[in-house]
$ cat model_25.txt   # compact mmCIF, C-alpha atoms
# COMPACT_ATOMS: atom_id res chain seq x y z
CA MET U 63 0.00 0.00 0.00
CA SER U 64 1.44 3.32 -1.02
CA ASN U 65 2.14 5.99 1.59
CA PRO U 66 -0.12 8.63 -0.04
CA LEU U 67 -3.11 6.32 0.38
CA VAL U 68 -2.27 5.66 4.02
CA GLN U 69 -2.03 9.40 4.56
CA GLU U 70 -5.38 9.84 2.84
CA LEU U 71 -6.94 7.24 5.13
CA ILE U 72 -5.65 9.06 8.18
CA GLU U 73 -6.86 12.43 6.90
CA ALA U 74 -10.28 10.91 6.25
CA GLY U 75 -10.48 9.91 9.93
CA ILE U 76 -10.62 6.17 9.27
CA HIS U 77 -8.94 5.50 12.64
CA PHE U 78 -11.60 7.16 14.82
CA GLY U 79 -13.88 4.62 16.45
CA GLN U 80 -16.90 4.89 18.72
CA ARG U 81 -16.98 5.87 22.38
CA ALA U 82 -15.15 3.41 24.58
CA SER U 83 -18.35 2.74 26.54
CA ASN U 84 -20.07 1.65 23.32
CA TRP U 85 -17.49 -0.75 21.96
CA ASN U 86 -17.74 -4.44 21.07
CA PRO U 87 -15.12 -6.53 22.93
CA ARG U 88 -14.66 -8.69 19.83
CA MET U 89 -13.06 -5.68 18.15
CA SER U 90 -10.20 -5.62 20.67
CA PRO U 91 -7.61 -7.05 18.19
CA TYR U 92 -8.22 -4.03 15.96
CA ILE U 93 -8.08 -1.34 18.68
CA TYR U 94 -4.84 0.61 19.03
CA GLY U 95 -5.76 2.62 22.10
CA LYS U 96 -8.13 5.13 23.65
CA ARG U 97 -8.05 8.90 23.60
CA SER U 98 -10.56 11.27 25.25
CA GLY U 99 -12.96 8.39 25.76
CA ILE U 100 -12.90 7.37 22.08
CA HIS U 101 -11.29 4.22 20.74
CA ILE U 102 -8.53 4.61 18.15
CA ILE U 103 -8.52 1.89 15.48
CA ASP U 104 -5.14 0.44 14.47
CA ILE U 105 -4.43 1.81 10.99
CA LYS U 106 -2.18 -1.17 10.25
CA GLU U 107 -5.13 -3.52 10.65
CA THR U 108 -7.20 -1.27 8.38
CA VAL U 109 -4.55 -1.36 5.66
CA LYS U 110 -4.16 -5.12 6.07
CA GLY U 111 -7.89 -5.72 5.71
CA LEU U 112 -8.14 -3.36 2.73
CA LEU U 113 -5.29 -5.09 0.90
CA LEU U 114 -6.84 -8.51 1.52
CA ALA U 115 -10.26 -7.30 0.39
CA LYS U 116 -8.89 -5.76 -2.81
CA LYS U 117 -7.04 -8.93 -3.73
CA PHE U 118 -10.12 -11.04 -3.04
CA LEU U 119 -12.53 -8.84 -5.04
CA THR U 120 -10.15 -8.76 -8.01
CA LYS U 121 -10.07 -12.55 -7.98
CA VAL U 122 -13.86 -12.82 -7.70
CA THR U 123 -14.60 -10.45 -10.58
CA ALA U 124 -11.86 -11.93 -12.75
CA GLY U 125 -13.57 -15.29 -12.29
CA GLY U 126 -16.75 -13.98 -13.92
CA LYS U 127 -18.79 -13.18 -10.81
CA ASP U 128 -20.21 -9.82 -9.75
CA VAL U 129 -20.08 -7.95 -6.44
CA CYS U 130 -23.01 -6.34 -4.62
CA PHE U 131 -22.40 -3.30 -2.39
CA VAL U 132 -24.77 -2.67 0.52
CA GLY U 133 -24.94 0.60 2.45
CA THR U 134 -28.31 2.07 3.42
CA LYS U 135 -27.06 4.70 5.86
CA ARG U 136 -27.10 8.31 4.76
CA GLN U 137 -23.31 8.72 4.75
CA ALA U 138 -22.80 5.74 2.42
CA LYS U 139 -25.68 6.17 -0.02
CA GLY U 140 -24.26 8.84 -2.32
CA VAL U 141 -20.74 7.40 -2.26
CA ILE U 142 -21.88 3.91 -3.26
CA GLU U 143 -24.20 5.12 -6.02
CA GLN U 144 -21.38 7.17 -7.53
CA HIS U 145 -18.44 4.75 -7.45
CA VAL U 146 -20.25 1.44 -7.81
CA ALA U 147 -22.31 2.62 -10.78
CA ASP U 148 -19.09 3.69 -12.52
CA ALA U 149 -17.60 0.23 -11.85
CA GLY U 150 -20.67 -1.46 -13.38
CA MET U 151 -21.57 -3.44 -10.25
CA HIS U 152 -24.77 -3.78 -8.20
CA TYR U 153 -25.77 -1.93 -5.04
CA VAL U 154 -28.50 -1.51 -2.45
CA THR U 155 -28.68 1.92 -0.84
CA GLU U 156 -32.35 2.50 -0.03
CA ARG U 157 -33.57 -0.53 1.89
CA TRP U 158 -32.58 -4.17 2.04
CA LEU U 159 -35.69 -6.20 1.33
CA GLY U 160 -35.82 -9.45 3.28
CA GLY U 161 -35.17 -12.33 0.89
CA THR U 162 -33.20 -10.31 -1.65
CA LEU U 163 -30.71 -13.20 -1.80
CA THR U 164 -32.54 -16.15 -0.27
CA ASN U 165 -35.69 -15.49 -2.32
CA PHE U 166 -33.97 -14.17 -5.41
CA GLY U 167 -36.59 -15.57 -7.82
CA THR U 168 -39.29 -13.36 -6.34
CA ILE U 169 -37.01 -10.32 -6.54
CA ARG U 170 -36.40 -11.03 -10.22
CA SER U 171 -40.16 -11.26 -10.81
CA ARG U 172 -40.62 -7.81 -9.25
CA LEU U 173 -37.92 -6.43 -11.54
CA LYS U 174 -39.75 -7.90 -14.53
CA ARG U 175 -42.87 -6.13 -13.28
CA LEU U 176 -40.85 -2.90 -13.19
CA GLU U 177 -39.86 -3.41 -16.82
CA GLU U 178 -43.51 -3.97 -17.75
CA LEU U 179 -44.59 -0.75 -16.03
CA GLU U 180 -41.79 1.22 -17.66
CA ALA U 181 -42.82 -0.16 -21.05
CA ILE U 182 -46.42 0.95 -20.45
CA GLU U 183 -45.23 4.43 -19.46
CA GLN U 184 -43.03 4.69 -22.52
CA ASN U 185 -45.72 3.51 -24.95
CA ASP U 186 -48.79 5.55 -23.97
CA ASN U 187 -47.88 7.19 -20.63
CA PHE U 188 -50.77 5.33 -18.91
CA GLN U 189 -53.33 7.09 -21.11
CA SER U 190 -55.33 3.88 -21.57
CA TYR U 191 -55.92 3.55 -17.80
CA SER U 192 -58.23 5.39 -15.47
CA LYS U 193 -56.84 8.09 -13.17
CA LYS U 194 -57.10 5.84 -10.15
CA MET U 195 -55.36 2.91 -11.86
CA GLU U 196 -52.69 5.22 -13.24
CA SER U 197 -51.96 6.52 -9.75
CA GLN U 198 -51.66 2.97 -8.38
CA LEU U 199 -49.38 1.83 -11.19
CA ARG U 200 -47.12 4.86 -10.89
CA ARG U 201 -46.86 4.38 -7.12
CA GLU U 202 -45.99 0.70 -7.63
CA MET U 203 -43.34 1.61 -10.20
CA ARG U 204 -41.74 4.22 -7.94
CA LYS U 205 -41.64 1.81 -5.00
CA ILE U 206 -39.98 -1.01 -6.96
CA LYS U 207 -37.52 1.37 -8.59
CA ARG U 208 -36.58 2.97 -5.29
CA ASN U 209 -35.79 -0.35 -3.60
CA LEU U 210 -34.44 -2.47 -6.46
CA ASP U 211 -33.06 -0.13 -9.10
CA GLY U 212 -29.45 -0.81 -8.04
CA ILE U 213 -29.77 -4.58 -8.61
CA ARG U 214 -31.99 -4.57 -11.69
CA ASN U 215 -29.13 -5.93 -13.83
CA MET U 216 -28.13 -8.61 -11.33
CA LYS U 217 -29.23 -11.76 -13.17
CA LYS U 218 -27.68 -14.20 -10.69
CA LEU U 219 -26.48 -14.27 -7.09
CA PRO U 220 -23.31 -12.20 -6.51
CA GLY U 221 -19.92 -13.72 -5.83
CA ALA U 222 -19.30 -11.41 -2.86
CA LEU U 223 -21.06 -8.82 -0.70
CA VAL U 224 -19.46 -5.54 0.42
CA VAL U 225 -21.24 -4.10 3.47
CA ILE U 226 -20.93 -0.77 5.26
CA ASP U 227 -21.89 -0.94 8.98
CA VAL U 228 -22.60 -4.52 10.08
CA ASN U 229 -24.95 -3.37 12.85
CA ARG U 230 -27.30 -1.84 10.30
CA GLU U 231 -27.11 -4.55 7.63
CA THR U 232 -27.48 -7.71 9.71
CA THR U 233 -30.26 -9.10 7.49
CA SER U 234 -28.14 -9.02 4.34
CA LEU U 235 -25.18 -10.56 6.18
CA LYS U 236 -27.30 -13.40 7.52
CA GLU U 237 -28.68 -14.13 4.06
CA ALA U 238 -25.17 -14.12 2.58
CA ARG U 239 -23.92 -16.49 5.27
CA LYS U 240 -26.86 -18.83 4.69
CA LEU U 241 -26.04 -19.03 0.97
CA GLY U 242 -22.27 -19.20 1.46
CA ILE U 243 -21.57 -15.82 -0.15
CA PRO U 244 -18.32 -14.22 1.16
CA THR U 245 -18.66 -10.82 2.82
CA VAL U 246 -16.31 -7.83 3.02
CA CYS U 247 -17.29 -5.38 5.76
CA LEU U 248 -16.21 -1.95 6.95
CA ILE U 249 -16.56 -2.38 10.73
CA ASP U 250 -16.45 0.29 13.40
CA SER U 251 -15.39 -0.35 17.00
CA ASP U 252 -19.01 -1.11 17.98
CA GLY U 253 -19.46 -3.80 15.27
CA ASP U 254 -19.15 -7.58 15.38
CA PRO U 255 -16.33 -8.91 13.15
CA GLU U 256 -17.86 -12.39 13.30
CA TYR U 257 -20.28 -11.31 10.58
CA ALA U 258 -17.46 -10.58 8.12
CA ASP U 259 -15.27 -13.00 6.20
CA ILE U 260 -12.87 -10.11 5.49
CA ALA U 261 -13.01 -7.29 8.03
CA ILE U 262 -11.80 -3.76 7.30
CA PRO U 263 -11.75 -2.02 10.69
CA GLY U 264 -12.48 1.67 10.33
CA ASN U 265 -14.83 4.56 10.85
CA ASP U 266 -18.14 3.73 9.14
CA ASP U 267 -19.81 7.04 10.09
CA SER U 268 -17.53 9.37 8.15
CA MET U 269 -18.42 10.04 4.54
CA ARG U 270 -14.76 10.67 3.65
CA SER U 271 -13.55 7.38 5.11
CA ILE U 272 -16.35 5.47 3.38
CA ASP U 273 -15.47 7.23 0.12
CA VAL U 274 -11.83 6.14 0.30
CA ILE U 275 -12.69 2.52 1.10
CA ILE U 276 -15.39 2.19 -1.58
CA ARG U 277 -13.20 3.88 -4.17
CA GLU U 278 -10.30 1.50 -3.56
CA LEU U 279 -12.57 -1.56 -3.63
CA CYS U 280 -14.14 -0.37 -6.89
CA LYS U 281 -10.66 -0.02 -8.38
CA ALA U 282 -10.02 -3.67 -7.49
CA VAL U 283 -13.34 -4.66 -9.08
CA ALA U 284 -12.48 -2.74 -12.26
CA GLU U 285 -9.10 -4.47 -12.41
CA GLY U 286 -10.79 -7.86 -12.10
CA LYS U 287 -13.23 -6.99 -14.87
CA SER U 288 -10.37 -5.98 -17.16
CA GLN U 289 -8.70 -9.35 -16.50
CA ARG U 290 -12.01 -11.04 -17.31
CA THR U 291 -12.19 -9.17 -20.62
CA GLY U 292 -8.58 -10.02 -21.49
CA ALA U 293 -9.17 -13.69 -20.76
CA ALA U 294 -12.31 -13.68 -22.93
CA GLU U 295 -10.38 -12.13 -25.82
CA GLY U 296 -7.64 -14.74 -25.43
CA ASP U 297 -10.19 -17.57 -25.46
CA GLN U 298 -11.79 -16.09 -28.56
CA ALA U 299 -8.42 -15.90 -30.32
CA ALA U 300 -7.68 -19.50 -29.36
CA GLY U 301 -11.10 -20.54 -30.64
CA ASP U 302 -10.51 -18.76 -33.96
CA SER U 303 -7.15 -20.47 -34.43
CA GLY U 304 -8.73 -23.80 -33.58
CA ALA U 305 -11.47 -23.15 -36.12
CA GLU U 306 -8.84 -22.43 -38.77
CA GLU U 307 -7.08 -25.68 -37.96
CA SER U 308 -10.33 -27.63 -38.16
CA ALA U 309 -11.22 -25.90 -41.45
CA ARG U 310 -8.09 -27.23 -43.16
CA PRO U 311 -8.72 -30.47 -45.17
CA ARG U 312 -7.29 -33.50 -43.42
CA ARG U 313 -6.24 -36.73 -45.08
CA SER U 314 -7.54 -39.88 -43.52
CA ARG U 315 -5.04 -42.45 -42.32
CA ARG U 316 -6.35 -44.93 -44.88
CA ALA U 317 -5.66 -42.48 -47.72
CA GLN U 318 -2.24 -41.79 -46.21
CA PHE U 319 -1.36 -45.49 -46.17
CA ARG U 320 -2.61 -45.88 -49.72
CA ALA U 321 -0.37 -43.02 -50.81
CA GLU U 322 2.61 -44.61 -49.07
CA ASP U 323 1.92 -48.02 -50.63
CA ALA U 324 1.56 -46.41 -54.03
CA SER U 325 4.85 -44.57 -53.66
CA GLY U 326 6.54 -47.76 -52.46
CA GLY U 327 5.18 -49.79 -55.38
CA ALA U 328 6.22 -47.18 -57.89
CA GLY U 329 9.71 -47.14 -56.45
CA SER U 330 10.09 -50.94 -56.83
CA GLU U 331 8.88 -50.82 -60.45
CA VAL U 332 11.46 -48.13 -61.23
CA GLU U 333 14.22 -50.17 -59.58
CA ASP U 334 13.27 -53.22 -61.71
CA LYS U 335 13.48 -51.20 -64.93
CA MET U 336 16.83 -49.55 -64.08
CA PRO U 337 19.88 -51.03 -65.91
CA ALA U 338 22.24 -53.18 -63.88
CA PRO U 339 25.60 -51.74 -62.78
CA ALA U 340 28.59 -52.13 -65.12
CA SER U 341 30.33 -54.64 -62.86
CA GLN U 342 27.23 -56.80 -62.68
CA ALA U 343 26.91 -56.63 -66.51
CA ALA U 344 30.55 -57.76 -66.95
CA ASP U 345 29.98 -60.73 -64.69
CA ASN U 346 26.99 -61.71 -66.74

$ encode --input "model_25.txt" --output "structure tokens"
Amino acid sequence: MSNPLVQELIEAGIHFGQRASNWNPRMSPYIYGKRSGIHIIDIKETVKGLLLAKKFLTKVTAGGKDVCFVGTKRQAKGVIEQHVADAGMHYVTERWLGGTLTNFGTIRSRLKRLEELEAIEQNDNFQSYSKKMESQLRREMRKIKRNLDGIRNMKKLPGALVVIDVNRETTSLKEARKLGIPTVCLIDSDGDPEYADIAIPGNDDSMRSIDVIIRELCKAVAEGKSQRTGAAEGDQAAGDSGAEESARPRRSRRAQFRAEDASGGAGSEVEDKMPAPASQAADN
């Protein structure tokens, strides 16, 4: 990790935890000390967790899987929508609906309903419906879009979940654990690291600290996607070369043996017709 990034983490206040009276004892390995009644998080543990998370997310996205970012608190909403949308991944910033992962089929059906309503709005702007029905349909469309717009392109379960504030997003973490989906969490001193497969200890109430963490994780995701694209291009090139090889006419082994027998027979006939050497002729 470069020194400028470490300095940026410190300036963002990533090392400031919660009040000492409000801490979770399970976070003790990540606590450096206490100052003015506030716990100070060990920046070395933050950097260690961030490095591990970046390496893991790059591997996940390079393998063809997507990542879903979850952060419904006010400080995280704008940051996630900005960086994650640019990275082309999925996010939940409004409200985590129970069963988003464990009942994914129903969530997909609601997204199909959203597409139907948007198609109706685009075609005739609900002119063929009564005022009351139009109001109901528009309200339904707004509700679905508000809650599920960030995951509307998520066709399958994600390969990993990135969560801001484990105390607020316990439902999503429990669903991910039930389905065996790895989780990367930014955890403050009052959080429970048992919920996270990869813990990044740090201030989850500061918009600047959340911005730095999400930005770095999105860079790792983008790097993994570029590796995925490069691998796909390599496979396509290999497939094209294989197609060229298969397009070339091949001689069967039977035809090959026939050709060899023919060449051998022709050679013997030529040898029979050749004149004998001079010494052999003198002997005769």

$ residues_near_point --input "model_25.txt" --point "(-22.9, -17.7, 1.3)" --cutoff "10 Å" --atoms "all atoms listed in the file" --output "VMD selection string"
chain U and resid 163 to 164 219 to 223 235 to 245

$ closest_residue --input "model_25.txt" --among "U:Lys207, U:Lys110, U:Lys194, U:Arg270" --to "U:Gly140" --atoms "all atoms listed in the file"
U:Arg270

$ residues_around --input "model_25.txt" --residues "U:Ile260" --least-positions-apart "3" --cutoff "7 Å" --atoms "all atoms listed in the file" --output "ChimeraX atom specification"
/U:111,115,245-247

$ closest_residue --input "model_25.txt" --among "U:Phe188, U:Ala284, U:Ile182, U:Trp158" --to "U:Thr233" --atoms "all atoms listed in the file"
U:Trp158

$ closest_residue --input "model_25.txt" --among "U:Arg200, U:Arg277, U:His77, U:His101" --to "U:Gly264" --atoms "all atoms listed in the file"
U:His77
